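K.L.:
Quick one: structure below, then a few questions.
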Amino acid sequence: MFDTKSVKRLRTAGVTALLLAALAACGGGHGGDDSGPDPVYGLKDSLRHVTRKTTQATRPHMVKRCTTGTHQVRHTSRSGSGSHRSTRTWYTTEHYQDCHKVQYGTERYRRELRPERWCVRLDDVNGNRKRDDVWYRVDRVDYNHTLDADDHTRVTFVPISSSTGC
């Protein structure tokens, strides 16, 4: 009913479907805990906004260059059998195109030296009075929300990463 290639193809498709289902159930296979960092609360101490820093740079400008050509292809056809066997040979011309990228001058672009960062420093982190002056990287929305709060008031946010520091 099925030949060997068809069975192998079906088996491969089945294994692929099972792997995709397993990865989807595990959250895409990113590994580790996908829940992200836990929310942090404490007393607002100070804020720091580190601006983005860029510079002008140059890089090679690559363009697609194609060359066309032709080559002769030999074809043969056999007919008959025994002493009446004959071979007919003919040639055709096939056209081809070979494309690759080549450098054509340079181009200017803005290279990022330092990304933009928003940082918040907290005292009494998560209610622990001994944990003071801890810096956290936050997104722009949490930074603006904390900016509006008065000094030494309790603020809560989710840091960008679980590692502290800014």
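Each chain in the structure tokens gets a letter, A, B and so on, in the order shown; residues start at 1 in every chain, and ligands are counted from 1 in the order they appear.
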Neighbours of segment 148-162 of chain A within 6 Å (only C-alpha atoms; same-chain residues fewer than 5 positions away dropped), as number ranges by chain?
P.N.:
A: 37, 39-44, 137-138
K.L.:
Can you spit out the residues from that selection as a JSON list (two decimals), in the first residue's frame, using N, CA, C and O atoms?
P.N.:
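Here's the written file selection_17.json:
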[["chain", "number", "residue", "atom", "x", "y", "z"],
["A", 37, "PRO", "N", 10.76, 38.47, 35.69],
["A", 37, "PRO", "CA", 11.09, 38.90, 37.05],
["A", 37, "PRO", "C", 9.82, 39.20, 37.86],
["A", 37, "PRO", "O", 8.79, 39.56, 37.31],
["A", 39, "PRO", "N", 7.48, 41.23, 40.62],
["A", 39, "PRO", "CA", 7.31, 42.65, 40.96],
["A", 39, "PRO", "C", 8.13, 43.02, 42.20],
["A", 39, "PRO", "O", 8.34, 42.20, 43.08],
["A", 40, "VAL", "N", 8.60, 44.26, 42.23],
["A", 40, "VAL", "CA", 9.42, 44.77, 43.32],
["A", 40, "VAL", "C", 8.73, 46.00, 43.87],
["A", 40, "VAL", "O", 8.15, 46.78, 43.13],
["A", 41, "TYR", "N", 8.79, 46.15, 45.21],
["A", 41, "TYR", "CA", 8.25, 47.38, 45.79],
["A", 41, "TYR", "C", 9.24, 47.92, 46.81],
["A", 41, "TYR", "O", 10.11, 47.20, 47.31],
["A", 42, "GLY", "N", 9.15, 49.20, 47.05],
["A", 42, "GLY", "CA", 10.02, 49.85, 48.00],
["A", 42, "GLY", "C", 9.75, 51.34, 48.01],
["A", 42, "GLY", "O", 8.78, 51.82, 47.40],
["A", 43, "LEU", "N", 10.60, 52.06, 48.72],
["A", 43, "LEU", "CA", 10.45, 53.51, 48.81],
["A", 43, "LEU", "C", 11.29, 54.18, 47.74],
["A", 43, "LEU", "O", 12.48, 53.86, 47.57],
["A", 44, "LYS", "N", 10.68, 55.11, 47.01],
["A", 44, "LYS", "CA", 11.38, 55.80, 45.93],
["A", 44, "LYS", "C", 12.54, 56.59, 46.51],
["A", 44, "LYS", "O", 12.38, 57.38, 47.43],
["A", 137, "ARG", "N", 16.56, 48.44, 36.52],
["A", 137, "ARG", "CA", 16.22, 48.93, 35.19],
["A", 137, "ARG", "C", 14.74, 48.70, 34.97],
["A", 137, "ARG", "O", 14.23, 47.61, 35.20],
["A", 138, "VAL", "N", 14.04, 49.74, 34.50],
["A", 138, "VAL", "CA", 12.59, 49.66, 34.27],
["A", 138, "VAL", "C", 12.30, 50.16, 32.87],
["A", 138, "VAL", "O", 13.16, 50.76, 32.21]]
K.L.:
Give me, as a ChimeraX atom specification, the residues of segment 18-125 of chain A that a backbone DSSP run labels strand (DSSP E or B).
P.N.:
/A:40-50,53-79,86-114,117-123
K.L.:
Write the residues of the selection above to a file with C-alpha atoms, as a PDB file, in the first residue's frame.
P.N.:
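part11.pdb written:
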ATOM      1  CA  VAL A  40       9.419  44.769  43.319  1.00  0.00           C
ATOM      2  CA  TYR A  41       8.249  47.381  45.788  1.00  0.00           C
ATOM      3  CA  GLY A  42      10.018  49.853  48.001  1.00  0.00           C
ATOM      4  CA  LEU A  43      10.450  53.511  48.814  1.00  0.00           C
ATOM      5  CA  LYS A  44      11.378  55.802  45.934  1.00  0.00           C
ATOM      6  CA  ASP A  45      14.928  57.070  46.406  1.00  0.00           C
ATOM      7  CA  SER A  46      16.166  58.494  43.101  1.00  0.00           C
ATOM      8  CA  LEU A  47      15.866  58.149  39.350  1.00  0.00           C
ATOM      9  CA  ARG A  48      18.356  58.029  36.494  1.00  0.00           C
ATOM     10  CA  HIS A  49      17.727  58.401  32.782  1.00  0.00           C
ATOM     11  CA  VAL A  50      20.651  57.356  30.594  1.00  0.00           C
ATOM     12  CA  LYS A  53      24.296  57.520  22.434  1.00  0.00           C
ATOM     13  CA  THR A  54      25.013  57.085  18.716  1.00  0.00           C
ATOM     14  CA  THR A  55      27.727  57.970  16.262  1.00  0.00           C
ATOM     15  CA  GLN A  56      28.093  58.215  12.506  1.00  0.00           C
ATOM     16  CA  ALA A  57      29.704  55.152  10.938  1.00  0.00           C
ATOM     17  CA  THR A  58      30.257  53.729   7.467  1.00  0.00           C
ATOM     18  CA  ARG A  59      29.838  50.225   6.145  1.00  0.00           C
ATOM     19  CA  PRO A  60      30.186  48.601   2.736  1.00  0.00           C
ATOM     20  CA  HIS A  61      27.207  49.141   0.469  1.00  0.00           C
ATOM     21  CA  MET A  62      26.334  45.784  -1.074  1.00  0.00           C
ATOM     22  CA  VAL A  63      24.403  45.503  -4.334  1.00  0.00           C
ATOM     23  CA  LYS A  64      23.118  42.495  -6.236  1.00  0.00           C
ATOM     24  CA  ARG A  65      25.039  41.911  -9.431  1.00  0.00           C
ATOM     25  CA  CYS A  66      23.907  39.301 -11.942  1.00  0.00           C
ATOM     26  CA  THR A  67      25.667  37.845 -14.933  1.00  0.00           C
ATOM     27  CA  THR A  68      23.892  35.902 -17.625  1.00  0.00           C
ATOM     28  CA  GLY A  69      25.256  33.227 -19.869  1.00  0.00           C
ATOM     29  CA  THR A  70      24.437  30.186 -21.936  1.00  0.00           C
ATOM     30  CA  HIS A  71      25.735  26.670 -22.129  1.00  0.00           C
ATOM     31  CA  GLN A  72      25.139  23.757 -24.466  1.00  0.00           C
ATOM     32  CA  VAL A  73      23.259  20.731 -23.146  1.00  0.00           C
ATOM     33  CA  ARG A  74      23.639  17.369 -24.875  1.00  0.00           C
ATOM     34  CA  HIS A  75      20.547  15.148 -25.245  1.00  0.00           C
ATOM     35  CA  THR A  76      20.408  11.579 -26.532  1.00  0.00           C
ATOM     36  CA  SER A  77      17.570   9.323 -27.509  1.00  0.00           C
ATOM     37  CA  ARG A  78      17.820   5.605 -28.266  1.00  0.00           C
ATOM     38  CA  SER A  79      15.360   3.587 -30.251  1.00  0.00           C
ATOM     39  CA  SER A  86      20.017   3.758 -33.266  1.00  0.00           C
ATOM     40  CA  THR A  87      21.035   6.724 -31.167  1.00  0.00           C
ATOM     41  CA  ARG A  88      19.996  10.271 -31.945  1.00  0.00           C
ATOM     42  CA  THR A  89      21.931  13.147 -30.353  1.00  0.00           C
ATOM     43  CA  TRP A  90      20.980  16.831 -30.316  1.00  0.00           C
ATOM     44  CA  TYR A  91      22.073  19.918 -28.439  1.00  0.00           C
ATOM     45  CA  THR A  92      20.085  22.754 -26.919  1.00  0.00           C
ATOM     46  CA  THR A  93      21.222  26.073 -25.534  1.00  0.00           C
ATOM     47  CA  GLU A  94      20.159  26.807 -21.946  1.00  0.00           C
ATOM     48  CA  HIS A  95      20.264  30.274 -20.460  1.00  0.00           C
ATOM     49  CA  TYR A  96      21.320  30.825 -16.841  1.00  0.00           C
ATOM     50  CA  GLN A  97      21.753  33.724 -14.468  1.00  0.00           C
ATOM     51  CA  ASP A  98      24.386  33.874 -11.708  1.00  0.00           C
ATOM     52  CA  CYS A  99      23.653  36.471  -9.007  1.00  0.00           C
ATOM     53  CA  HIS A 100      25.748  37.483  -6.007  1.00  0.00           C
ATOM     54  CA  LYS A 101      26.291  40.548  -3.838  1.00  0.00           C
ATOM     55  CA  VAL A 102      29.260  42.784  -4.465  1.00  0.00           C
ATOM     56  CA  GLN A 103      30.493  45.902  -2.704  1.00  0.00           C
ATOM     57  CA  TYR A 104      29.579  49.135  -4.458  1.00  0.00           C
ATOM     58  CA  GLY A 105      30.977  51.995  -2.397  1.00  0.00           C
ATOM     59  CA  THR A 106      30.082  52.666   1.230  1.00  0.00           C
ATOM     60  CA  GLU A 107      27.026  53.918   3.084  1.00  0.00           C
ATOM     61  CA  ARG A 108      26.652  55.982   6.251  1.00  0.00           C
ATOM     62  CA  TYR A 109      24.471  54.921   9.156  1.00  0.00           C
ATOM     63  CA  ARG A 110      23.931  55.679  12.862  1.00  0.00           C
ATOM     64  CA  ARG A 111      25.655  53.121  15.098  1.00  0.00           C
ATOM     65  CA  GLU A 112      24.331  52.778  18.637  1.00  0.00           C
ATOM     66  CA  LEU A 113      27.059  52.997  21.272  1.00  0.00           C
ATOM     67  CA  ARG A 114      24.751  52.939  24.296  1.00  0.00           C
ATOM     68  CA  ARG A 117      17.909  53.158  29.868  1.00  0.00           C
ATOM     69  CA  TRP A 118      15.565  54.158  32.654  1.00  0.00           C
ATOM     70  CA  CYS A 119      16.606  53.346  36.238  1.00  0.00           C
ATOM     71  CA  VAL A 120      14.949  53.610  39.646  1.00  0.00           C
ATOM     72  CA  ARG A 121      16.735  53.364  43.026  1.00  0.00           C
ATOM     73  CA  LEU A 122      14.714  51.985  45.936  1.00  0.00           C
ATOM     74  CA  ASP A 123      15.081  51.843  49.718  1.00  0.00           C
TER      75      ASP A 123
END
